[in-house]
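Undergrad: Take this structure, written in structure tokens, and hold onto it; I'll ask about it next.
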Amino acid sequence: MADVLDRQVLVLNRLWQPVNLCTARRAFSLLFLGHAQAVHTDPDRLFETHDAHSWLRISHQHDGPDIVHTVSTRFRIPAIIVVPRFDRLPRQEVKFSRQNVFERDNFTCQYCAVRFEIRQLNLDHVIPRHKGGKTTWENVVCSCVRCNTRKANKLPSEANMHPIREPKPPRWRPLLATSNPTVSQSYHESWRHFIEPNPAQVVLSR
């Protein structure tokens, strides 16, 4: 059960904006304390919020790997929770890491503009380190192995290879808040609908 309770849950503020990731254990705590509501998505992509009692009823109708069993009952792990009393966005910087550079550049080589599998990608210093280039968001880009080898330790002007986009720090997003590349992949699609939620599709429970 410990591994199941460590699964990641997307946290929304009262404006339905993503503000954080938390574990299922923390999500259940917020839900049962009355500080959060679970978000349920039906096949028509209509979104409903549920308190602990109504979420328990939803859980009894669900069967899958995202169920936590107790001695007397069962609870479904919510993919998303909303905290109605929280209306702020976090002021966080994205941690610089290999995975997050790939995320920022959409796993696309910044020289040939082709999207690759992660195993086919490297990081490239636009201005090589031996020429004073730093390992920062503004000087590191996603590069395929072929382009990385071709550019080698040359300046962009020397190799006639320039990034297709100016490298800069990315905007904070929950999926960039962790260095774990496999985090919540099974929930990614349901999270996607809440990046810019449509209020007409949201039904608040009473």
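Here's how to read the names in the structure tokens: chain A, B, ... by the order shown, residue numbers from 1 in each chain, ligand numbers from 1 in the order shown.
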Could you pull the residues within 12 Å of Thr136 of chain A, counting only C-alpha atoms, minus those fewer than 6 positions along the same chain, as a list in words?

TA: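 Once the nearby chain positions are removed, what remains is Val94, Lys95, Phe96, Ser97, Arg98, Asn100, Val101, Leu123, Asp124, His125, Val126, Ile127, Pro128, Arg129, Pro167, Lys168, Pro169 and Pro170 of chain A.
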
Undergrad: Tell me, which residues of segment 29-115 of chain A carry DSSP alpha helix (DSSP H), written as a PyMOL selection string?

TA: chain A and resi 29-32+52-60+98-104

Undergrad: What is the atom CA of Phe32 of chain A-atom CA of Leu46 of chain A distance in Å, reported with one decimal?

TA: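 Value for the atom CA of Phe32 of chain A-atom CA of Leu46 of chain A distance: 23.5 Å.
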
Undergrad: Please determine, counting only C-alpha atoms, which residue among A:Met161, A:Ser143, A:Gly133, A:Trp191 has the shortest atom-to-atom distance to Arg119 of chain A.

TA: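 For Arg119 of chain A, the nearest of the given residues is A:Ser143.
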
Undergrad: Go through segment 10-104 of chain A and collect every residue that DSSP, computed from the backbone, puts in strand (DSSP E); the answer should be as an MDAnalysis selection string.

TA: chainID A and resid 10:12 18:23 37:41 47:50 67:69 74:76 80:82

Undergrad: Restricting the calculation to only C-alpha atoms, which member of A:Ser72, A:Arg85, A:Val141, A:Ile80 is positioned closest to Phe107 of chain A?

TA: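 That would be A:Val141, the residue with the smallest distance to Phe107 of chain A.
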
Undergrad: Report, in Å with one decimal, the straight-line distance from atom CA of Leu33 of chain A to atom CA of Asp3 of chain A.

TA: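 Interatomic distance, atom CA of Leu33 of chain A to atom CA of Asp3 of chain A: 22.4 Å.
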
Undergrad: Need to verify the contact set: Cys144 of chain A, 12 Å, only C-alpha atoms, exclusion of same-chain residues closer than 2 positions in sequence. Can you return it as number ranges by chain?

TA: A: 102, 105, 107-124, 141-142, 146-152

Undergrad: Per residue of segment 68-183 of chain A within 12 Å of segment 37-41 of chain A, record the nearest atom pair and its distance in Å to one decimal, counting only C-alpha atoms, with rows in chain order and ascending residue number, as JSON lines.

TA:
{"residue": "A:Phe75", "atom": "CA", "partner": "A:Ala38", "partner_atom": "CA", "distance": 11.4}
{"residue": "A:Arg76", "atom": "CA", "partner": "A:Ala38", "partner_atom": "CA", "distance": 9.9}
{"residue": "A:Ile77", "atom": "CA", "partner": "A:Ala38", "partner_atom": "CA", "distance": 8.9}
{"residue": "A:Pro78", "atom": "CA", "partner": "A:Ala38", "partner_atom": "CA", "distance": 5.9}
{"residue": "A:Ala79", "atom": "CA", "partner": "A:Val39", "partner_atom": "CA", "distance": 7.4}
{"residue": "A:Ile80", "atom": "CA", "partner": "A:Val39", "partner_atom": "CA", "distance": 5.4}
{"residue": "A:Ile81", "atom": "CA", "partner": "A:Ala38", "partner_atom": "CA", "distance": 4.5}
{"residue": "A:Val82", "atom": "CA", "partner": "A:Gln37", "partner_atom": "CA", "distance": 5.4}
{"residue": "A:Val83", "atom": "CA", "partner": "A:Gln37", "partner_atom": "CA", "distance": 6.5}
{"residue": "A:Pro84", "atom": "CA", "partner": "A:Gln37", "partner_atom": "CA", "distance": 7.8}
{"residue": "A:Arg85", "atom": "CA", "partner": "A:Gln37", "partner_atom": "CA", "distance": 10.8}

Undergrad: Write out the residues from the selection above, keeping C-alpha atoms, as a PDB file, in the first residue's frame.

TA:
ATOM      1  CA  PHE A  75     -11.078   4.433  -1.592  1.00  0.00           C
ATOM      2  CA  ARG A  76     -10.094   5.446  -5.075  1.00  0.00           C
ATOM      3  CA  ILE A  77      -6.972   7.606  -5.288  1.00  0.00           C
ATOM      4  CA  PRO A  78      -8.018  10.886  -6.924  1.00  0.00           C
ATOM      5  CA  ALA A  79      -5.919  11.966  -9.879  1.00  0.00           C
ATOM      6  CA  ILE A  80      -6.753  15.604  -9.103  1.00  0.00           C
ATOM      7  CA  ILE A  81      -7.872  17.555  -6.053  1.00  0.00           C
ATOM      8  CA  VAL A  82      -8.983  21.172  -5.789  1.00  0.00           C
ATOM      9  CA  VAL A  83      -8.384  23.357  -2.730  1.00  0.00           C
ATOM     10  CA  PRO A  84     -11.318  25.832  -2.770  1.00  0.00           C
ATOM     11  CA  ARG A  85      -9.809  28.280  -0.292  1.00  0.00           C
TER      12      ARG A  85
END

Undergrad: Could you check how far atom CA of Phe28 of chain A sits from atom CA of Arg57 of chain A, in Å to one decimal?

TA: 14.9 Å

Undergrad: For Val68 of chain A, list every protein, DNA or RNA residue within 9 Å, evaluated using only C-alpha atoms, and leave out those in the same chain fewer than 2 positions away; present the list as number ranges by chain.

TA: A: 1, 4-5, 65-66, 70, 73-77
